[in-house]
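This is start_17.cif (mmCIF, C-alpha atoms).
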```
data_structure
#
loop_
_atom_site.group_PDB
_atom_site.id
_atom_site.type_symbol
_atom_site.label_atom_id
_atom_site.label_comp_id
_atom_site.auth_asym_id
_atom_site.auth_seq_id
_atom_site.Cartn_x
_atom_site.Cartn_y
_atom_site.Cartn_z
ATOM 1 C CA MET A 1185 33.145 0.247 -147.131
ATOM 2 C CA LYS A 1186 33.216 0.335 -143.334
ATOM 3 C CA ILE A 1187 30.649 1.851 -141.018
ATOM 4 C CA ARG A 1188 30.762 2.319 -137.276
ATOM 5 C CA PHE A 1189 27.611 1.143 -135.529
ATOM 6 C CA PHE A 1190 26.141 1.012 -132.050
ATOM 7 C CA LYS A 1191 23.751 -1.615 -130.718
ATOM 8 C CA TYR A 1192 20.952 -0.691 -128.293
ATOM 9 C CA HIS A 1193 17.831 -2.394 -127.017
ATOM 10 C CA GLY A 1194 14.609 -1.216 -125.433
ATOM 11 C CA ALA A 1195 13.154 -4.063 -123.339
ATOM 12 C CA GLY A 1196 14.664 -6.606 -125.722
ATOM 13 C CA ASN A 1197 13.542 -4.811 -128.893
ATOM 14 C CA ASP A 1198 17.017 -4.427 -130.437
ATOM 15 C CA PHE A 1199 18.390 -1.941 -132.931
ATOM 16 C CA ILE A 1200 21.487 -0.947 -134.876
ATOM 17 C CA LEU A 1201 22.222 2.787 -134.695
ATOM 18 C CA VAL A 1202 24.433 4.732 -137.081
ATOM 19 C CA ASP A 1203 25.552 8.352 -136.790
ATOM 20 C CA ASN A 1204 24.890 9.605 -140.313
ATOM 21 C CA ARG A 1205 24.980 13.350 -139.646
ATOM 22 C CA ASP A 1206 27.377 13.819 -142.552
ATOM 23 C CA HIS A 1207 24.963 11.892 -144.818
ATOM 24 C CA GLY A 1208 27.952 9.849 -145.947
ATOM 25 C CA LEU A 1209 26.017 6.596 -146.136
ATOM 26 C CA ASN A 1210 23.310 6.037 -148.722
ATOM 27 C CA HIS A 1211 20.982 3.838 -146.675
ATOM 28 C CA HIS A 1212 18.285 3.471 -149.329
ATOM 29 C CA GLN A 1213 19.510 -0.060 -150.023
ATOM 30 C CA PRO A 1214 17.073 -2.792 -148.903
ATOM 31 C CA ALA A 1215 19.573 -5.630 -149.432
ATOM 32 C CA LEU A 1216 22.162 -3.828 -147.310
ATOM 33 C CA ILE A 1217 19.660 -3.214 -144.501
ATOM 34 C CA GLN A 1218 18.619 -6.873 -144.583
ATOM 35 C CA GLN A 1219 22.257 -7.961 -144.404
ATOM 36 C CA LEU A 1220 23.108 -5.696 -141.455
ATOM 37 C CA CYS A 1221 20.026 -6.775 -139.495
ATOM 38 C CA HIS A 1222 20.392 -10.490 -140.253
ATOM 39 C CA ARG A 1223 21.067 -12.469 -137.073
ATOM 40 C CA ARG A 1224 23.417 -14.928 -138.783
ATOM 41 C CA TYR A 1225 25.023 -13.000 -141.639
ATOM 42 C CA GLY A 1226 25.122 -9.540 -140.072
ATOM 43 C CA ILE A 1227 25.012 -7.664 -136.786
ATOM 44 C CA GLY A 1228 21.487 -8.800 -135.957
ATOM 45 C CA ALA A 1229 18.567 -6.543 -134.996
ATOM 46 C CA ASP A 1230 14.832 -5.932 -135.280
ATOM 47 C CA GLY A 1231 15.630 -2.742 -137.166
ATOM 48 C CA ILE A 1232 18.212 -0.081 -137.949
ATOM 49 C CA MET A 1233 18.202 3.682 -137.374
ATOM 50 C CA PHE A 1234 20.228 6.483 -138.895
ATOM 51 C CA LEU A 1235 20.659 9.652 -136.846
ATOM 52 C CA GLN A 1236 20.824 12.631 -139.211
ATOM 53 C CA GLU A 1237 20.900 16.408 -138.996
ATOM 54 C CA LYS A 1238 17.605 18.231 -139.486
ATOM 55 C CA GLU A 1239 17.160 21.989 -139.384
ATOM 56 C CA GLY A 1240 14.955 23.074 -136.488
ATOM 57 C CA TYR A 1241 15.443 19.837 -134.548
ATOM 58 C CA ASP A 1242 18.169 18.211 -132.493
ATOM 59 C CA PHE A 1243 18.253 15.378 -135.039
ATOM 60 C CA GLU A 1244 16.181 13.276 -137.421
ATOM 61 C CA MET A 1245 15.404 9.586 -136.898
ATOM 62 C CA VAL A 1246 15.346 7.483 -140.082
ATOM 63 C CA TYR A 1247 14.173 3.942 -139.371
ATOM 64 C CA TYR A 1248 14.063 0.706 -141.364
ATOM 65 C CA ASN A 1249 12.631 -2.637 -140.339
ATOM 66 C CA SER A 1250 14.844 -5.698 -140.674
ATOM 67 C CA ASP A 1251 13.133 -6.530 -143.991
ATOM 68 C CA GLY A 1252 14.947 -3.538 -145.494
ATOM 69 C CA LYS A 1253 11.883 -1.373 -145.982
ATOM 70 C CA PRO A 1254 11.345 2.118 -144.521
ATOM 71 C CA SER A 1255 9.051 1.802 -141.533
ATOM 72 C CA SER A 1256 6.392 3.765 -139.757
ATOM 73 C CA MET A 1257 7.200 5.012 -136.239
ATOM 74 C CA CYS A 1258 9.034 2.708 -133.833
ATOM 75 C CA GLY A 1259 8.483 3.613 -130.179
ATOM 76 C CA ASN A 1260 11.278 1.594 -128.611
ATOM 77 C CA GLY A 1261 13.547 2.659 -131.445
ATOM 78 C CA GLY A 1262 12.639 6.265 -130.715
ATOM 79 C CA ARG A 1263 13.648 5.808 -127.091
ATOM 80 C CA CYS A 1264 16.920 4.139 -128.096
ATOM 81 C CA ILE A 1265 17.895 6.883 -130.531
ATOM 82 C CA VAL A 1266 17.346 9.436 -127.761
ATOM 83 C CA ALA A 1267 19.818 7.489 -125.604
ATOM 84 C CA PHE A 1268 22.193 7.366 -128.582
ATOM 85 C CA ALA A 1269 21.924 11.133 -129.121
ATOM 86 C CA ASN A 1270 22.716 11.597 -125.435
ATOM 87 C CA HIS A 1271 25.770 9.352 -125.820
ATOM 88 C CA LEU A 1272 26.945 11.423 -128.798
ATOM 89 C CA GLY A 1273 26.612 14.605 -126.729
ATOM 90 C CA LEU A 1274 23.891 16.069 -128.956
ATOM 91 C CA ILE A 1275 21.398 16.358 -126.104
ATOM 92 C CA LYS A 1276 21.382 16.335 -122.332
ATOM 93 C CA THR A 1277 18.142 15.632 -120.466
ATOM 94 C CA GLU A 1278 15.548 16.524 -123.108
ATOM 95 C CA THR A 1279 15.172 16.705 -126.855
ATOM 96 C CA ASN A 1280 12.939 17.519 -129.780
ATOM 97 C CA PHE A 1281 13.547 15.370 -132.849
ATOM 98 C CA LEU A 1282 11.829 14.506 -136.101
ATOM 99 C CA ALA A 1283 10.589 11.022 -137.034
ATOM 100 C CA VAL A 1284 8.497 9.702 -139.894
ATOM 101 C CA ASP A 1285 5.229 10.512 -138.085
ATOM 102 C CA GLY A 1286 6.280 14.033 -137.110
ATOM 103 C CA PRO A 1287 8.008 15.834 -134.212
ATOM 104 C CA HIS A 1288 8.638 14.058 -130.901
ATOM 105 C CA TYR A 1289 9.618 15.359 -127.469
ATOM 106 C CA ALA A 1290 11.517 13.139 -125.049
ATOM 107 C CA THR A 1291 13.363 13.222 -121.749
ATOM 108 C CA ILE A 1292 16.184 11.003 -120.536
ATOM 109 C CA SER A 1293 17.290 10.194 -117.004
ATOM 110 C CA GLU A 1294 20.618 11.441 -115.683
ATOM 111 C CA ASN A 1295 22.138 7.954 -115.900
ATOM 112 C CA GLY A 1296 21.045 7.822 -119.541
ATOM 113 C CA ASP A 1297 19.110 4.547 -119.561
ATOM 114 C CA TRP A 1298 15.450 5.535 -118.950
ATOM 115 C CA VAL A 1299 13.639 7.433 -121.678
ATOM 116 C CA SER A 1300 10.163 8.971 -121.735
ATOM 117 C CA LEU A 1301 9.034 9.536 -125.319
ATOM 118 C CA GLN A 1302 5.975 11.547 -126.271
ATOM 119 C CA MET A 1303 3.870 9.787 -128.893
ATOM 120 C CA ILE A 1304 1.323 11.216 -131.329
ATOM 121 C CA ASP A 1305 -2.201 11.991 -130.090
ATOM 122 C CA VAL A 1306 -4.897 9.448 -130.972
ATOM 123 C CA ASP A 1307 -8.570 10.216 -131.569
ATOM 124 C CA THR A 1308 -9.765 7.152 -133.464
ATOM 125 C CA ILE A 1309 -10.070 3.553 -132.297
ATOM 126 C CA THR A 1310 -12.075 1.135 -134.419
ATOM 127 C CA GLU A 1311 -13.632 -1.964 -132.896
ATOM 128 C CA ASN A 1312 -13.347 -5.189 -134.879
ATOM 129 C CA ALA A 1313 -15.376 -7.879 -133.098
ATOM 130 C CA GLU A 1314 -13.473 -8.293 -129.793
ATOM 131 C CA ALA A 1315 -10.388 -6.503 -131.109
ATOM 132 C CA TYR A 1316 -9.385 -2.849 -131.451
ATOM 133 C CA VAL A 1317 -7.589 -1.196 -134.383
ATOM 134 C CA LEU A 1318 -5.711 2.095 -134.015
ATOM 135 C CA ASN A 1319 -2.627 3.981 -135.155
ATOM 136 C CA THR A 1320 -0.069 5.130 -132.588
ATOM 137 C CA GLY A 1321 2.539 6.067 -135.196
ATOM 138 C CA SER A 1322 2.227 2.548 -136.623
ATOM 139 C CA PRO A 1323 -0.986 0.572 -137.242
ATOM 140 C CA HIS A 1324 -1.973 -1.896 -134.527
ATOM 141 C CA TYR A 1325 -4.500 -4.634 -133.926
ATOM 142 C CA VAL A 1326 -5.142 -5.266 -130.217
ATOM 143 C CA THR A 1327 -6.896 -8.418 -129.065
ATOM 144 C CA PRO A 1328 -7.531 -9.328 -125.393
ATOM 145 C CA VAL A 1329 -6.823 -12.973 -124.518
ATOM 146 C CA ILE A 1330 -6.529 -15.365 -121.593
ATOM 147 C CA GLY A 1331 -3.496 -17.606 -121.129
ATOM 148 C CA LEU A 1332 -1.144 -15.514 -123.261
ATOM 149 C CA HIS A 1333 1.930 -17.559 -122.324
ATOM 150 C CA GLN A 1334 0.413 -20.536 -124.162
ATOM 151 C CA ILE A 1335 -0.690 -18.740 -127.321
ATOM 152 C CA ASP A 1336 1.201 -19.293 -130.592
ATOM 153 C CA VAL A 1337 1.789 -15.598 -131.262
ATOM 154 C CA PHE A 1338 3.784 -16.233 -134.431
ATOM 155 C CA SER A 1339 1.099 -18.317 -136.162
ATOM 156 C CA GLU A 1340 -1.937 -16.399 -134.929
ATOM 157 C CA GLY A 1341 -0.293 -13.026 -135.459
ATOM 158 C CA GLN A 1342 0.872 -13.943 -138.937
ATOM 159 C CA THR A 1343 -2.645 -15.053 -139.871
ATOM 160 C CA ILE A 1344 -4.180 -11.724 -138.811
ATOM 161 C CA ARG A 1345 -1.370 -9.661 -140.348
ATOM 162 C CA ASN A 1346 -1.826 -11.434 -143.715
ATOM 163 C CA SER A 1347 -5.622 -11.550 -143.645
ATOM 164 C CA GLU A 1348 -7.602 -9.961 -146.457
ATOM 165 C CA SER A 1349 -8.228 -6.831 -144.383
ATOM 166 C CA TYR A 1350 -4.580 -6.102 -143.611
ATOM 167 C CA ALA A 1351 -2.348 -7.960 -146.081
ATOM 168 C CA ALA A 1352 -1.717 -5.025 -148.420
ATOM 169 C CA GLN A 1353 -0.394 -2.529 -145.864
ATOM 170 C CA GLY A 1354 0.295 -4.926 -143.017
ATOM 171 C CA ILE A 1355 -0.540 -4.457 -139.358
ATOM 172 C CA ASN A 1356 1.151 -5.175 -136.046
ATOM 173 C CA VAL A 1357 -0.787 -7.681 -133.963
ATOM 174 C CA ASN A 1358 -0.834 -7.347 -130.171
ATOM 175 C CA PHE A 1359 -2.172 -9.962 -127.788
ATOM 176 C CA VAL A 1360 -2.903 -8.616 -124.300
ATOM 177 C CA GLU A 1361 -3.785 -10.357 -121.034
ATOM 178 C CA ASP A 1362 -5.162 -8.341 -118.124
ATOM 179 C CA LEU A 1363 -3.323 -9.449 -114.976
ATOM 180 C CA GLY A 1364 -4.979 -6.964 -112.639
ATOM 181 C CA ASP A 1365 -2.155 -4.621 -111.657
ATOM 182 C CA HIS A 1366 -0.598 -4.674 -115.136
ATOM 183 C CA TYR A 1367 -1.016 -5.991 -118.671
ATOM 184 C CA PHE A 1368 1.098 -8.699 -120.288
ATOM 185 C CA VAL A 1369 1.615 -8.074 -124.023
ATOM 186 C CA ARG A 1370 3.114 -10.080 -126.869
ATOM 187 C CA THR A 1371 3.400 -8.690 -130.391
ATOM 188 C CA TYR A 1372 3.808 -9.975 -133.932
ATOM 189 C CA GLU A 1373 5.482 -7.160 -135.885
ATOM 190 C CA ARG A 1374 5.092 -6.493 -139.577
ATOM 191 C CA GLY A 1375 8.415 -5.791 -141.281
ATOM 192 C CA VAL A 1376 10.160 -8.082 -138.820
ATOM 193 C CA GLU A 1377 7.535 -10.746 -139.629
ATOM 194 C CA ASP A 1378 8.024 -12.419 -136.279
ATOM 195 C CA GLU A 1379 7.306 -11.972 -132.606
ATOM 196 C CA THR A 1380 9.569 -9.387 -130.997
ATOM 197 C CA PHE A 1381 10.504 -9.119 -127.327
ATOM 198 C CA ALA A 1382 8.771 -5.730 -127.139
ATOM 199 C CA CYS A 1383 6.958 -3.218 -129.323
ATOM 200 C CA GLY A 1384 6.724 0.396 -128.177
ATOM 201 C CA THR A 1385 3.920 1.604 -130.425
ATOM 202 C CA GLY A 1386 2.237 -1.731 -129.666
ATOM 203 C CA VAL A 1387 2.143 -1.369 -125.886
ATOM 204 C CA THR A 1388 1.008 2.215 -126.404
ATOM 205 C CA ALA A 1389 -1.875 0.940 -128.539
ATOM 206 C CA VAL A 1390 -2.717 -1.660 -125.895
ATOM 207 C CA ALA A 1391 -2.844 0.919 -123.091
ATOM 208 C CA LEU A 1392 -5.191 3.178 -125.067
ATOM 209 C CA ALA A 1393 -7.410 0.351 -126.314
ATOM 210 C CA MET A 1394 -7.832 -1.121 -122.834
ATOM 211 C CA ALA A 1395 -8.729 2.286 -121.386
ATOM 212 C CA LYS A 1396 -11.436 2.566 -124.031
ATOM 213 C CA LYS A 1397 -12.591 -0.997 -123.398
ATOM 214 C CA LYS A 1398 -12.904 -0.358 -119.646
ATOM 215 C CA GLY A 1399 -14.389 3.122 -120.011
ATOM 216 C CA ILE A 1400 -11.602 4.706 -117.943
ATOM 217 C CA SER A 1401 -10.839 8.401 -118.432
ATOM 218 C CA GLY A 1402 -8.663 11.091 -116.882
ATOM 219 C CA GLN A 1403 -4.929 10.859 -116.285
ATOM 220 C CA ILE A 1404 -3.983 7.204 -116.709
ATOM 221 C CA ASN A 1405 -0.773 5.360 -115.906
ATOM 222 C CA THR A 1406 -0.469 1.835 -117.353
ATOM 223 C CA ALA A 1407 2.194 -0.702 -116.379
ATOM 224 C CA ILE A 1408 2.929 -3.292 -119.058
ATOM 225 C CA SER A 1409 5.185 -6.335 -119.075
ATOM 226 C CA VAL A 1410 6.621 -7.778 -122.286
ATOM 227 C CA LYS A 1411 8.961 -10.672 -122.983
ATOM 228 C CA GLY A 1412 11.941 -8.315 -122.773
ATOM 229 C CA GLY A 1413 11.077 -6.414 -119.601
ATOM 230 C CA GLN A 1414 8.848 -3.670 -118.253
ATOM 231 C CA LEU A 1415 7.379 -0.611 -119.966
ATOM 232 C CA ASN A 1416 4.981 2.108 -118.913
ATOM 233 C CA VAL A 1417 2.460 4.214 -120.811
ATOM 234 C CA ARG A 1418 0.895 7.357 -119.342
ATOM 235 C CA PHE A 1419 -1.660 9.580 -121.041
ATOM 236 C CA ASN A 1420 -4.774 11.710 -120.733
ATOM 237 C CA TYR A 1421 -8.130 10.455 -122.016
ATOM 238 C CA ASP A 1422 -11.225 12.654 -122.066
ATOM 239 C CA GLY A 1423 -13.504 9.892 -123.319
ATOM 240 C CA THR A 1424 -12.938 10.882 -126.939
ATOM 241 C CA ARG A 1425 -9.304 11.795 -127.478
ATOM 242 C CA PHE A 1426 -6.006 10.488 -126.104
ATOM 243 C CA SER A 1427 -3.336 13.152 -125.565
ATOM 244 C CA ASN A 1428 -0.033 13.745 -123.746
ATOM 245 C CA ILE A 1429 0.878 10.117 -124.425
ATOM 246 C CA PHE A 1430 4.286 9.045 -123.133
ATOM 247 C CA LEU A 1431 5.964 5.696 -123.702
ATOM 248 C CA GLU A 1432 8.504 5.061 -120.938
ATOM 249 C CA GLY A 1433 11.121 2.411 -120.393
ATOM 250 C CA PRO A 1434 14.761 1.356 -120.579
ATOM 251 C CA ALA A 1435 17.071 2.177 -123.476
ATOM 252 C CA LYS A 1436 20.238 0.161 -123.009
ATOM 253 C CA TYR A 1437 23.568 0.347 -124.793
ATOM 254 C CA VAL A 1438 24.834 -3.146 -125.712
ATOM 255 C CA PHE A 1439 28.031 -2.791 -127.788
ATOM 256 C CA ASN A 1440 29.610 -0.954 -130.720
ATOM 257 C CA GLY A 1441 31.944 -1.863 -133.545
ATOM 258 C CA GLU A 1442 32.767 -1.556 -137.202
ATOM 259 C CA ILE A 1443 31.456 -3.670 -140.043
ATOM 260 C CA GLU A 1444 32.737 -3.860 -143.591
ATOM 261 C CA PHE A 1445 30.267 -4.446 -146.367
ATOM 262 C CA SER A 1446 29.897 -4.268 -150.101
ATOM 263 C CA THR A 1447 28.010 -1.291 -151.491
ATOM 264 C CA GLU A 1448 26.223 -3.866 -153.608
ATOM 265 C CA ALA A 1449 25.102 -6.104 -150.770
ATOM 266 C CA PRO A 1450 23.630 -9.435 -151.901
ATOM 267 C CA SER A 1451 20.063 -10.385 -151.090
ATOM 268 C CA ILE A 1452 19.706 -12.905 -148.275
#
```

Can you dump the structure from the file as structure tokens?
Amino acid sequence: MKIRFFKYHGAGNDFILVDNRDHGLNHHQPALIQQLCHRRYGIGADGIMFLQEKEGYDFEMVYYNSDGKPSSMCGNGGRCIVAFANHLGLIKTETNFLAVDGPHYATISENGDWVSLQMIDVDTITENAEAYVLNTGSPHYVTPVIGLHQIDVFSEGQTIRNSESYAAQGINVNFVEDLGDHYFVRTYERGVEDETFACGTGVTAVALAMAKKKGISGQINTAISVKGGQLNVRFNYDGTRFSNIFLEGPAKYVFNGEIEFSTEAPSI
């Protein structure tokens, strides 16, 4: 069987996108997803998304991590699928679509490569020693550090992700360094089980957690750098609840093609 795919990235967080509006592809196949996302035996990506029709919305986003399992919300993936929908002619400058964590509103620039994606509201942040735990569509652990460039994010992130507290459900681990005019963030992602170049729900979690840590409220705009580029998070915080949260950044088309695969894809 052949499928046509498109490759996009959001600040280096890369994804395979498939137009599955006709529901012609049964994507509930973990081995197939693993094969397509594999960087040596497949196309290569942090995850894969299927754009599908959904009554009452412009489209539905169905997302899998590269481990083949259905995932919670992916912020950079959400921005990339908006750019993809624009490319397909489904939307112009704004959209309402459905993801696993509910409805999302987004806007896209006229040149089609900058997307502002509204995230879910957040009213609970739990402190864990010096770290913060919250859910921005996916669960996140945020820990402030110094000298982030030198930290072994893979080893330290893996240890926290597989600790007794989080092993069963998993958690994304974000290390953040305050550089004054912006934050530098590196993330170990569950489901990818590695450091990624960017994590959209992760930088969103960082922005909220650091506002709470610093006791800042009102309308807040937070610049964040990641290994793959620059992102921005803006939101309102009344001291208790975070609302009108927007994750903003690039959503870049890379290439497209066709791939032939067996409907009984082998495990890798």

Item to check | Selected residue of minimal separation from Arg1263 (chain A) among A:Tyr1248, A:Tyr1367, A:Phe1426, A:Phe1281, counting only C-alpha atoms | outcome: A:Phe1281

Next on the checklist: Applying the PyMOL selection byres ((chain A and resi 1218-1232) around 9) to the file I just gave you, which residues come out? Please list them as a PyMOL selection string.
Outcome noted: chain A and resi 1191+1197-1202+1213-1217+1233-1234+1246-1253+1261+1375-1376+1380+1443+1445+1449-1452

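With distances taken from (-4.9, 10.9, -129.4) and restricted to all atoms listed in the file, the residues inside 10 Å are Met1303, Ile1304, Asp1305, Val1306, Asp1307, Thr1308, Ile1309, Leu1318, Asn1319, Thr1320, Leu1392, Phe1419, Asn1420, Tyr1421, Asp1422, Thr1424, Arg1425, Phe1426, Ser1427, Asn1428 and Ile1429 of chain A.
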
Next on the checklist: Evaluated on this file, the PyMOL selection byres ((chain A and resi 1346-1361) around 8) picks out some residues - which ones are they, written as a PyMOL selection string?
Outcome noted: chain A and resi 1322-1332+1337+1341-1345+1362-1363+1367-1374+1386-1387+1390

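Closest approach to Gly1259 (chain A) among A:Val1284, A:Leu1272, A:Ala1395, A:Leu1301 is made by A:Leu1301 (distances from only C-alpha atoms).
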
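Note that the spacing between CA of Tyr1289 (chain A) and CA of Tyr1316 (chain A) amounts to 26.6 Å.
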
Next on the checklist: If we count only C-alpha atoms and set the cut-off at 7 Å, which residues sit around region 1430-1438 of chain A, ignoring sequence neighbours fewer than 4 positions away in its own chain? Please answer as a ChimeraX atom specification.
Outcome noted: /A:1191-1195,1263-1264,1267,1297-1303,1384,1388,1414-1419

Kindly provide, as JSON, the centre and edge lengths (Å, one decimal) of an axis-aligned box around all atoms of region 1205-1216 of chain A given in the file, with 8 Å on each side.
```
{"center_x": 22.5, "center_y": 4.1, "center_z": -144.8, "size_x": 26.9, "size_y": 35.4, "size_z": 26.4}
```

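Once the PyMOL selection byres ((chain A and resi 1207) around 10) is applied to this file, the selection holds Asp1203, Asn1204, Arg1205, Asp1206, Gly1208, Leu1209, Asn1210, His1211, Phe1234, Leu1235, Gln1236 and Glu1237 of chain A.
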